[in-house]
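Okay, coords-v1.txt now, which holds compact mmCIF, C-alpha atoms and all ligand atoms:
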# COMPACT_ATOMS: atom_id res chain seq x y z
CA MET T 1 18.09 4.21 -69.89
CA ILE T 2 18.12 7.12 -67.47
CA VAL T 3 21.21 8.32 -65.65
CA ALA T 4 20.19 10.17 -62.48
CA MET T 5 22.93 12.59 -61.44
CA ASN T 6 23.68 13.59 -57.84
CA ALA T 7 22.13 16.83 -56.66
CA ASP T 8 25.65 18.34 -56.52
CA ALA T 9 26.86 17.00 -59.88
CA SER T 10 28.69 19.68 -61.86
CA ARG T 11 27.96 20.81 -65.40
CA SER T 12 31.11 19.06 -66.57
CA ASP T 13 30.04 15.79 -64.85
CA ILE T 14 26.80 15.95 -66.84
CA GLU T 15 28.60 16.77 -70.07
CA ALA T 16 31.06 13.94 -69.51
CA VAL T 17 28.14 11.49 -69.20
CA ILE T 18 26.56 12.80 -72.40
CA ASP T 19 29.93 12.59 -74.21
CA ARG T 20 30.54 9.04 -73.00
CA ILE T 21 27.11 7.96 -74.26
CA SER T 22 27.78 9.53 -77.65
CA THR T 23 30.95 7.45 -78.05
CA TYR T 24 28.58 4.46 -78.41
CA ASP T 25 26.70 6.27 -81.21
CA LEU T 26 23.74 6.75 -78.88
CA LYS T 27 21.81 9.97 -78.44
CA ALA T 28 21.57 11.45 -74.94
CA GLN T 29 19.41 14.25 -73.69
CA SER T 30 19.87 16.27 -70.51
CA MET T 31 16.68 16.54 -68.44
CA PRO T 32 17.01 19.17 -65.74
CA GLY T 33 14.67 18.53 -62.80
CA GLY T 34 13.80 20.46 -59.66
CA GLU T 35 16.69 19.20 -57.55
CA ARG T 36 18.87 17.24 -59.90
CA THR T 37 19.51 16.59 -63.55
CA ALA T 38 19.02 13.29 -65.30
CA VAL T 39 20.44 12.21 -68.63
CA GLY T 40 18.18 10.10 -70.82
CA ILE T 41 19.33 7.88 -73.68
CA VAL T 42 16.76 8.24 -76.41
CA SER T 43 18.19 5.85 -78.99
CA ALA T 44 17.60 2.12 -78.86
CA ILE T 45 20.45 0.49 -76.93
CA PRO T 46 21.69 -2.81 -78.41
CA PRO T 47 20.80 -5.52 -75.85
CA ASP T 48 24.40 -6.75 -75.59
CA LEU T 49 25.57 -3.25 -74.63
CA ARG T 50 23.02 -2.59 -71.86
CA ASP T 51 24.77 -4.14 -68.88
CA ALA T 52 28.26 -2.92 -69.80
CA LEU T 53 26.96 0.60 -70.37
CA THR T 54 25.12 0.58 -67.04
CA VAL T 55 28.33 -0.37 -65.21
CA THR T 56 30.39 2.24 -67.08
CA LEU T 57 27.96 5.08 -66.43
CA GLN T 58 27.38 4.08 -62.83
CA GLY T 59 31.09 4.53 -62.15
CA MET T 60 31.33 8.07 -63.54
CA PRO T 61 31.73 11.14 -61.28
CA GLY T 62 28.46 12.81 -60.30
CA VAL T 63 26.29 9.78 -61.18
CA ASP T 64 23.81 8.67 -58.52
CA HIS T 65 22.21 5.69 -60.24
CA VAL T 66 21.28 4.28 -63.64
CA THR T 67 17.80 2.93 -64.45
CA GLN T 68 16.94 0.84 -67.48
CA VAL T 69 13.72 1.99 -69.15
CA THR T 70 11.84 -0.99 -70.45
CA ARG T 71 9.12 0.87 -72.32
CA ALA T 72 9.41 1.37 -76.07
CA TYR T 73 8.46 5.04 -75.81
CA LYS T 74 10.95 7.29 -74.14
CA ARG T 75 10.35 11.00 -74.70
CA ALA T 76 6.63 10.44 -74.11
CA SER T 77 7.23 8.57 -70.85
CA ARG T 78 6.99 9.91 -67.33
CA GLU T 79 10.26 8.20 -66.54
CA PHE T 80 11.97 10.61 -68.94
CA HIS T 81 9.93 13.63 -67.94
CA PRO T 82 8.46 13.27 -64.45
CA THR T 83 6.56 16.57 -64.37
CA ASP T 84 3.34 17.26 -66.28
CA THR T 85 3.76 18.89 -69.67
CA ILE T 86 1.55 21.91 -70.21
CA VAL T 87 0.92 22.76 -73.86
CA THR T 88 0.25 26.47 -74.19
CA VAL T 89 -1.17 27.88 -77.40
CA LYS T 90 -1.85 31.61 -77.65
CA GLY T 91 -2.27 31.83 -73.88
CA VAL T 92 -4.50 28.74 -73.55
CA SER T 93 -2.80 26.07 -71.43
CA VAL T 94 -3.76 22.41 -71.71
CA GLY T 95 -2.47 20.18 -68.92
CA GLY T 96 -2.62 22.63 -66.03
CA ARG T 97 -5.28 22.93 -63.34
CA GLU T 98 -7.87 24.39 -65.71
CA VAL T 99 -9.96 21.97 -67.74
CA ILE T 100 -10.01 23.26 -71.33
CA VAL T 101 -13.05 22.79 -73.53
CA ALA T 102 -12.65 22.62 -77.30
CA ALA T 103 -15.91 22.61 -79.24
CA GLY T 104 -17.27 23.24 -82.70
CA PRO T 105 -18.80 21.46 -85.64
CA CYS T 106 -17.50 18.17 -86.95
CA ALA T 107 -17.16 19.76 -90.39
CA ILE T 108 -17.04 23.40 -91.33
CA GLU T 109 -20.02 23.88 -93.63
CA SER T 110 -20.44 27.64 -94.01
CA ARG T 111 -19.41 30.96 -92.44
CA GLU T 112 -22.83 31.24 -90.74
CA GLN T 113 -22.69 27.73 -89.28
CA LEU T 114 -19.14 28.10 -87.97
CA MET T 115 -19.63 31.60 -86.56
CA ALA T 116 -22.85 30.63 -84.77
CA ALA T 117 -20.99 27.76 -83.08
CA ALA T 118 -17.88 29.85 -82.38
CA GLU T 119 -19.82 32.59 -80.65
CA VAL T 120 -21.50 30.10 -78.33
CA VAL T 121 -18.17 28.40 -77.56
CA LYS T 122 -16.65 31.77 -76.70
CA ALA T 123 -19.60 33.04 -74.66
CA ASN T 124 -19.75 29.90 -72.51
CA GLY T 125 -16.12 29.52 -71.50
CA GLY T 126 -14.83 27.27 -74.31
CA LYS T 127 -11.24 28.09 -75.26
CA ILE T 128 -10.69 26.22 -78.50
CA LEU T 129 -12.79 26.13 -81.67
CA ARG T 130 -12.76 22.87 -83.56
CA GLY T 131 -13.89 22.43 -87.16
CA GLY T 132 -12.92 19.95 -89.85
CA ALA T 133 -11.92 21.21 -93.30
CA PHE T 134 -10.47 17.91 -94.54
CA LYS T 135 -12.78 15.16 -93.33
CA PRO T 136 -11.82 11.48 -93.11
CA ARG T 137 -15.09 9.88 -94.24
CA THR T 138 -15.70 6.17 -94.36
CA SER T 139 -17.56 6.56 -97.67
CA PRO T 140 -15.91 8.35 -100.60
CA TYR T 141 -19.37 9.72 -101.52
CA ALA T 142 -19.90 11.48 -98.18
CA PHE T 143 -19.16 15.19 -97.71
CA GLN T 144 -15.36 15.48 -97.65
CA GLY T 145 -15.11 18.98 -96.17
CA LEU T 146 -14.60 22.42 -97.68
CA GLY T 147 -10.80 22.10 -97.81
CA LEU T 148 -8.94 25.39 -98.13
CA GLU T 149 -12.17 27.39 -98.06
CA GLY T 150 -12.96 25.77 -94.69
CA LEU T 151 -9.50 26.63 -93.37
CA LYS T 152 -10.05 30.28 -94.28
CA LEU T 153 -13.37 30.31 -92.45
CA LEU T 154 -11.75 28.70 -89.40
CA LYS T 155 -9.04 31.34 -89.30
CA GLU T 156 -11.62 34.07 -89.71
CA ALA T 157 -13.75 32.66 -86.85
CA GLY T 158 -10.70 32.28 -84.63
CA GLU T 159 -9.71 35.89 -85.23
CA ALA T 160 -13.23 37.20 -84.76
CA THR T 161 -13.72 35.45 -81.41
CA GLY T 162 -10.15 35.19 -80.07
CA LEU T 163 -10.55 31.42 -79.80
CA VAL T 164 -7.62 29.10 -80.48
CA THR T 165 -8.41 26.83 -83.45
CA VAL T 166 -7.90 23.14 -84.21
CA THR T 167 -8.45 21.17 -87.40
CA GLU T 168 -7.50 17.75 -88.70
CA VAL T 169 -4.58 17.09 -91.03
CA MET T 170 -4.97 13.93 -93.11
CA ASP T 171 -2.23 14.43 -95.68
CA ASP T 172 1.17 16.01 -95.22
CA HIS T 173 0.67 17.85 -98.54
CA ASP T 174 -1.92 19.99 -96.74
CA LEU T 175 0.27 20.62 -93.70
CA ASP T 176 1.67 24.04 -94.65
CA ALA T 177 -1.75 25.42 -95.53
CA ILE T 178 -3.25 24.07 -92.30
CA ILE T 179 -0.45 25.49 -90.18
CA GLU T 180 -1.00 28.85 -91.84
CA HIS T 181 -4.68 28.82 -90.89
CA ALA T 182 -5.01 26.87 -87.61
CA ASP T 183 -3.31 26.99 -84.21
CA ILE T 184 -3.46 23.26 -83.44
CA LEU T 185 -3.33 20.22 -85.73
CA GLN T 186 -5.41 17.12 -85.14
CA ILE T 187 -4.21 13.65 -86.03
CA GLY T 188 -7.44 11.72 -86.46
CA ALA T 189 -8.09 8.27 -85.06
CA ARG T 190 -7.70 6.72 -88.51
CA ASN T 191 -4.27 8.27 -88.93
CA MET T 192 -2.81 7.51 -85.53
CA GLN T 193 -0.49 5.00 -87.13
CA ASN T 194 0.31 7.04 -90.25
CA TYR T 195 3.97 7.32 -89.38
CA PRO T 196 5.08 9.63 -92.23
CA LEU T 197 2.27 12.02 -91.22
CA LEU T 198 3.26 11.88 -87.54
CA THR T 199 6.87 12.56 -88.51
CA ALA T 200 5.89 15.52 -90.71
CA VAL T 201 3.77 16.96 -87.89
CA GLY T 202 6.68 16.42 -85.51
CA LYS T 203 9.04 18.31 -87.83
CA SER T 204 6.56 21.18 -88.12
CA LYS T 205 6.74 21.77 -84.33
CA HIS T 206 3.09 22.92 -84.53
CA PRO T 207 0.92 21.97 -81.52
CA VAL T 208 -1.00 18.75 -82.16
CA ILE T 209 -3.82 16.68 -80.70
CA ILE T 210 -3.20 12.97 -81.28
CA LYS T 211 -6.36 10.88 -81.19
CA ARG T 212 -6.18 7.28 -80.12
CA GLY T 213 -7.01 4.85 -82.90
CA PRO T 214 -10.12 2.76 -82.13
CA SER T 215 -8.05 -0.45 -82.18
CA ALA T 216 -4.88 0.96 -80.70
CA THR T 217 -3.47 -0.10 -77.36
CA ILE T 218 -2.37 2.62 -74.97
CA ASP T 219 1.27 1.79 -75.73
CA GLU T 220 0.66 2.14 -79.48
CA TRP T 221 -0.99 5.51 -78.83
CA LEU T 222 2.00 6.68 -76.77
CA LEU T 223 4.33 5.46 -79.51
CA ALA T 224 2.39 7.61 -81.98
CA ALA T 225 3.14 10.56 -79.68
CA GLU T 226 6.77 9.40 -79.55
CA TYR T 227 7.00 9.89 -83.34
CA VAL T 228 6.01 13.53 -82.90
CA LEU T 229 8.22 14.11 -79.85
CA ALA T 230 11.19 12.40 -81.52
CA GLN T 231 11.19 15.18 -84.13
CA GLY T 232 11.51 17.80 -81.41
CA ASN T 233 7.83 18.71 -81.21
CA GLY T 234 6.91 18.66 -77.52
CA ASN T 235 3.52 20.31 -78.06
CA ALA T 236 1.53 17.10 -78.15
CA ILE T 237 -1.83 16.45 -76.51
CA LEU T 238 -3.33 12.95 -76.32
CA CYS T 239 -7.05 12.46 -77.00
CA GLU T 240 -9.11 9.39 -76.06
CA ARG T 241 -12.11 9.13 -78.42
CA GLY T 242 -13.45 5.61 -77.91
CA VAL T 243 -12.33 2.17 -78.93
CA HIS T 244 -14.11 -0.50 -80.97
CA PRO T 245 -17.26 -1.52 -79.11
CA LEU T 246 -18.73 -4.93 -78.45
CA ASP T 247 -21.73 -3.85 -80.46
CA ARG T 248 -22.79 -0.66 -82.14
CA GLN T 249 -26.44 -0.75 -81.23
CA HIS T 250 -26.37 1.96 -78.61
CA THR T 251 -23.00 3.69 -78.85
CA ARG T 252 -20.67 4.22 -81.79
CA TYR T 253 -17.51 3.28 -79.85
CA THR T 254 -16.73 2.52 -76.20
CA LEU T 255 -15.19 5.46 -74.37
CA ASP T 256 -12.18 3.98 -72.61
CA LEU T 257 -12.04 6.31 -69.64
CA SER T 258 -9.57 4.12 -67.81
CA ALA T 259 -7.13 5.15 -70.54
CA VAL T 260 -7.11 8.65 -69.03
CA PRO T 261 -5.49 7.87 -65.66
CA VAL T 262 -3.35 5.18 -67.30
CA ALA T 263 -2.00 7.51 -69.99
CA LYS T 264 -1.41 10.21 -67.40
CA ALA T 265 0.51 7.77 -65.22
CA LEU T 266 2.65 6.51 -68.10
CA SER T 267 3.15 9.85 -69.83
CA HIS T 268 3.63 13.50 -68.93
CA LEU T 269 1.54 14.69 -71.89
CA PRO T 270 -1.89 16.27 -71.40
CA VAL T 271 -4.82 13.94 -72.03
CA ILE T 272 -8.19 15.17 -73.29
CA VAL T 273 -11.38 13.25 -74.10
CA ASP T 274 -13.72 13.37 -77.09
CA PRO T 275 -17.06 12.04 -75.83
CA SER T 276 -18.85 12.87 -79.10
CA HIS T 277 -17.23 10.30 -81.40
CA ALA T 278 -17.19 7.77 -78.56
CA CYS T 279 -20.94 7.97 -77.91
CA GLY T 280 -22.17 8.71 -81.43
CA ASN T 281 -25.33 10.03 -79.79
CA TRP T 282 -25.62 13.55 -78.36
CA ARG T 283 -27.79 12.30 -75.47
CA TYR T 284 -24.83 10.64 -73.77
CA VAL T 285 -22.25 13.34 -74.39
CA SER T 286 -23.03 15.34 -71.25
CA ALA T 287 -22.71 12.36 -68.88
CA MET T 288 -19.46 11.20 -70.47
CA SER T 289 -18.03 14.73 -70.46
CA LYS T 290 -18.55 14.87 -66.71
CA ALA T 291 -17.15 11.37 -66.30
CA ALA T 292 -14.07 12.37 -68.31
CA ILE T 293 -13.35 15.33 -66.06
CA SER T 294 -13.83 13.11 -63.01
CA ALA T 295 -11.35 10.62 -64.50
CA GLY T 296 -8.71 13.35 -64.70
CA ALA T 297 -9.00 14.57 -68.28
CA ASP T 298 -7.27 17.88 -68.96
CA GLY T 299 -9.90 18.90 -71.46
CA LEU T 300 -12.79 17.92 -73.71
CA LEU T 301 -13.27 17.94 -77.47
CA VAL T 302 -17.00 18.21 -78.17
CA GLU T 303 -18.95 18.44 -81.41
CA ILE T 304 -21.69 21.06 -81.54
CA HIS T 305 -23.87 22.33 -84.39
CA PRO T 306 -26.41 25.17 -84.74
CA ASN T 307 -28.78 22.69 -86.37
CA PRO T 308 -27.63 19.10 -85.71
CA GLY T 309 -30.50 17.71 -87.81
CA SER T 310 -29.08 19.24 -90.97
CA ALA T 311 -25.38 18.64 -90.25
CA LEU T 312 -23.36 17.30 -93.19
CA CYS T 313 -21.28 15.17 -90.83
CA ASP T 314 -21.83 13.60 -87.39
CA GLY T 315 -25.13 15.37 -86.66
CA ALA T 316 -26.41 12.56 -84.42
CA GLN T 317 -23.60 13.07 -81.94
CA SER T 318 -23.51 16.87 -82.10
CA LEU T 319 -24.90 18.90 -79.22
CA SER T 320 -27.24 21.72 -80.14
CA LEU T 321 -26.00 25.14 -79.06
CA ASP T 322 -28.54 25.10 -76.22
CA SER T 323 -27.40 21.70 -74.97
CA PHE T 324 -23.80 22.90 -75.08
CA ARG T 325 -24.70 25.98 -73.03
CA THR T 326 -26.35 23.75 -70.44
CA LEU T 327 -23.37 21.41 -70.36
CA MET T 328 -20.91 24.26 -69.84
CA GLY T 329 -23.05 25.49 -66.97
CA GLU T 330 -22.76 22.08 -65.28
CA LEU T 331 -19.10 21.21 -65.78
CA GLY T 332 -17.71 23.69 -63.25
CA THR T 333 -19.14 21.77 -60.27
CA VAL T 334 -17.58 18.54 -61.54
CA ALA T 335 -14.21 20.23 -62.07
CA ASP T 336 -14.32 21.69 -58.55
CA ALA T 337 -15.07 18.25 -57.10
CA VAL T 338 -11.81 16.86 -58.51
CA ASP T 339 -9.76 19.92 -57.62
CA ARG T 340 -9.73 21.33 -61.13
CA CYS T 341 -11.39 24.45 -62.48
CA LEU T 342 -13.23 25.68 -65.53
CA ASP T 343 -13.19 29.26 -66.71
C1 LIG T 401 -13.41 14.32 -85.86
O1 LIG T 401 -12.89 14.85 -84.87
O2 LIG T 401 -14.33 14.84 -86.49
C2 LIG T 401 -13.00 12.95 -86.23
C3 LIG T 401 -13.08 12.52 -87.47
O3 LIG T 401 -12.60 12.22 -85.17
P1 LIG T 401 -11.92 10.77 -85.09
O4 LIG T 401 -10.62 10.88 -85.82
O5 LIG T 401 -11.75 10.56 -83.61
O6 LIG T 401 -12.88 9.79 -85.70
MN MN T 402 -16.78 14.19 -86.31
Could you spell out this file's structure in structure tokens?
Ligand code: PEP
Ligand code: MN
Amino acid sequence: MIVAMNADASRSDIEAVIDRISTYDLKAQSMPGGERTAVGIVSAIPPDLRDALTVTLQGMPGVDHVTQVTRAYKRASREFHPTDTIVTVKGVSVGGREVIVAAGPCAIESREQLMAAAEVVKANGGKILRGGAFKPRTSPYAFQGLGLEGLKLLKEAGEATGLVTVTEVMDDHDLDAIIEHADILQIGARNMQNYPLLTAVGKSKHPVIIKRGPSATIDEWLLAAEYVLAQGNGNAILCERGVHPLDRQHTRYTLDLSAVPVAKALSHLPVIVDPSHACGNWRYVSAMSKAAISAGADGLLVEIHPNPGSALCDGAQSLSLDSFRTLMGELGTVADAVDRCLD
């Protein structure tokens, strides 16, 4: 429920509304806007209280109107927060006019591999370096990542290049170490519905990219973000990375690009796109990167590797450093065409 105050409502009118809501054991949050303030009720309102509460609040001084929010997510919704959220990490802003490119290897394999990728990201206008240290692999026998050693290399590469860094957190036991070494956390597709992990990441207040699970609806994805926001962590970025395909013959997943404008209409959070995991084949990554920007994505998350043929993880979908350079040279025109820009 949202209580829209009059433009000339006083501070004490607003406080009286918040106090009245709290007498019902409900949590209210003041949401100052450009012209007027709104008060949002973030707790679930018992159905039998809804109508009576609407009437009560509607009659209070300074109240313009009361709207019932029907969506399950609140803090993540545009109704609660009409203006775009911009997540800024060390001077890099995701969700503004500039399209932000995050790139790097799927898994951190060595200092040489990571640095070679990082330098190319930096030199070609990328702003964020990605690299997995804890890898969620389908097979327990596949390379699981370098763990803490990988985190140290990521931090080193971030410091050497000035790039912001992102890495996946799979287990809340690793959270402190990851926060110490990386600027942004990544909740992987497989963990989108790991609610204790989302809650821990929310409590940490550390910026986070939340990938959409391959079987998750858009509402389930926004509810995952709600878990993070509900803990007071507003630094959340949504990432579409492909949903389960009809068949896997030609692409690994199906990139649901319609999810970009939909998520941006339903939510104020920035939305980025990972074309690499969606396609599973580097040949299609360039086309889908351009399509993502055209669809309104605020950024891209792309896998690159100095030698994709020898990658320990996701080599088939990783762009070579040359292909990445070419892609970065082409994205600016696409961004311009949709009134965005690329550094
Ligand atoms: C990754 O980014 O390397 C990754 C494992 O992605 P996803 O969670 O989307 O599969
Ligand atoms: Mn990967």
Exercise: residues within 12 Å of coordinate (-27.8, 19.6, -84.7), counting only C-alpha atoms, as JSON, numbers by chain: {"T": [104, 105, 106, 113, 117, 281, 282, 283, 303, 304, 305, 306, 307, 308, 309, 310, 311, 312, 313, 314, 315, 316, 317, 318, 319, 320, 321, 322, 323, 324]}
All residues 10 Å or closer to range 226-235 of chain T, only C-alpha atoms, same chain fewer than 5 positions away omitted, as a count of residues only: 36
Which residue of T:Gly188, T:Gly62, T:Pro245, T:Gly126 approaches ligand MN 402 (chain T) most closely, using only C-alpha atoms and all ligand atoms: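 Nearest candidate to ligand MN 402 (chain T) out of T:Gly188, T:Gly62, T:Pro245, T:Gly126: T:Gly188.
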Return as JSON the box centre and box size in Å, one decimal, for an axis-aligned box around all listed atoms of range 229-238 of chain T padded by 5 Å per side.
{"center_x": 4.1, "center_y": 16.4, "center_z": -80.2, "size_x": 24.8, "size_y": 17.9, "size_z": 17.8}
Residue nearest ligand MN 402 (chain T) - candidates T:Ala278, T:Val243, T:Ala224, T:Ala291, atoms counted: all atoms listed in the file: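 For ligand MN 402 (chain T), the nearest of the given residues is T:Ala278.
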Val166 in chain T surroundings by all atoms listed in the file, 8 Å radius, close-in-sequence under 6 positions cut, as JSON, numbers by chain: {"T": [128, 129, 130, 131, 182, 183, 184, 185, 186]}
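For the pair CA of Ala4 in chain T and CA of Val260 in chain T, the separation is 28.1 Å.
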Nearby polymer residues, ligand LIG 401 (chain T), at most 6 Å, only C-alpha atoms and all ligand atoms, as a short mmCIF file (atom, residue, chain, number, x, y, z; two decimals) with C-alpha atoms, in the coordinates of the input:
data_model
loop_
_atom_site.label_atom_id
_atom_site.label_comp_id
_atom_site.auth_asym_id
_atom_site.auth_seq_id
_atom_site.Cartn_x
_atom_site.Cartn_y
_atom_site.Cartn_z
CA CYS T 106 -17.50 18.17 -86.95
CA PRO T 136 -11.82 11.48 -93.11
CA GLY T 188 -7.44 11.72 -86.46
CA ALA T 189 -8.09 8.27 -85.06
CA ARG T 190 -7.70 6.72 -88.51
CA LYS T 211 -6.36 10.88 -81.19
CA ARG T 241 -12.11 9.13 -78.42
CA HIS T 277 -17.23 10.30 -81.40
#
Contacts of range 29-38 of chain T at 12 Å (all atoms listed in the file; same-chain gap of 5+ positions) as a ChimeraX atom specification: /T:1-11,13-19,21-22,43,62-67,74-75,78-84,230,232
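The two atoms in question, CA of Gln249 in chain T and CA of Thr167 in chain T, are spaced 29.0 Å apart.
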Using the partial input, fill out range 82-91 of chain T with all heavy atoms; write the result as a CSV table (one decimal), in the frame of the given file.
chain,number,residue,atom,x,y,z
T,82,PRO,N,9.4,13.5,-65.6
T,82,PRO,CA,8.5,13.3,-64.4
T,82,PRO,C,7.4,14.3,-64.3
T,82,PRO,O,6.3,14.0,-63.8
T,82,PRO,CB,9.4,13.2,-63.2
T,82,PRO,CG,10.8,13.1,-63.8
T,82,PRO,CD,10.8,13.7,-65.1
T,83,THR,N,7.6,15.6,-64.6
T,83,THR,CA,6.6,16.6,-64.4
T,83,THR,C,5.6,16.7,-65.5
T,83,THR,O,5.9,16.4,-66.7
T,83,THR,CB,7.2,18.0,-64.1
T,83,THR,OG1,8.0,18.3,-65.2
T,83,THR,CG2,8.0,18.0,-62.9
T,84,ASP,N,4.4,17.1,-65.2
T,84,ASP,CA,3.3,17.3,-66.3
T,84,ASP,C,3.8,18.3,-67.3
T,84,ASP,O,4.3,19.3,-67.0
T,84,ASP,CB,2.0,17.8,-65.7
T,84,ASP,CG,1.3,16.8,-64.8
T,84,ASP,OD1,1.6,15.6,-65.0
T,84,ASP,OD2,0.4,17.2,-64.1
T,85,THR,N,3.5,17.9,-68.6
T,85,THR,CA,3.8,18.9,-69.7
T,85,THR,C,2.5,19.7,-69.8
T,85,THR,O,1.4,19.2,-69.8
T,85,THR,CB,4.1,18.2,-71.0
T,85,THR,OG1,5.4,17.7,-70.9
T,85,THR,CG2,4.0,19.1,-72.2
T,86,ILE,N,2.7,21.0,-69.9
T,86,ILE,CA,1.6,21.9,-70.2
T,86,ILE,C,1.8,22.5,-71.6
T,86,ILE,O,2.8,23.0,-71.9
T,86,ILE,CB,1.5,23.0,-69.2
T,86,ILE,CG1,1.3,22.4,-67.8
T,86,ILE,CG2,0.4,24.0,-69.5
T,86,ILE,CD1,1.2,23.4,-66.6
T,87,VAL,N,0.8,22.2,-72.5
T,87,VAL,CA,0.9,22.8,-73.9
T,87,VAL,C,0.2,24.1,-73.9
T,87,VAL,O,-1.1,24.1,-73.7
T,87,VAL,CB,0.4,21.7,-74.9
T,87,VAL,CG1,0.4,22.3,-76.3
T,87,VAL,CG2,1.2,20.4,-74.8
T,88,THR,N,0.9,25.1,-74.2
T,88,THR,CA,0.2,26.5,-74.2
T,88,THR,C,0.2,27.0,-75.6
T,88,THR,O,1.2,27.1,-76.3
T,88,THR,CB,1.0,27.5,-73.3
T,88,THR,OG1,1.0,26.9,-72.0
T,88,THR,CG2,0.3,28.8,-73.2
T,89,VAL,N,-1.0,27.3,-76.1
T,89,VAL,CA,-1.2,27.9,-77.4
T,89,VAL,C,-1.9,29.2,-77.3
T,89,VAL,O,-3.0,29.2,-76.8
T,89,VAL,CB,-2.0,26.9,-78.3
T,89,VAL,CG1,-2.1,27.4,-79.7
T,89,VAL,CG2,-1.4,25.5,-78.2
T,90,LYS,N,-1.3,30.3,-77.7
T,90,LYS,CA,-1.8,31.6,-77.6
T,90,LYS,C,-2.5,31.9,-76.3
T,90,LYS,O,-3.6,32.3,-76.2
T,90,LYS,CB,-2.9,31.8,-78.8
T,90,LYS,CG,-2.3,31.9,-80.1
T,90,LYS,CD,-3.3,32.3,-81.2
T,90,LYS,CE,-2.7,32.6,-82.5
T,90,LYS,NZ,-3.7,32.7,-83.6
T,91,GLY,N,-1.8,31.5,-75.2
T,91,GLY,CA,-2.3,31.8,-73.9
T,91,GLY,C,-3.2,30.8,-73.3
T,91,GLY,O,-3.6,30.9,-72.1
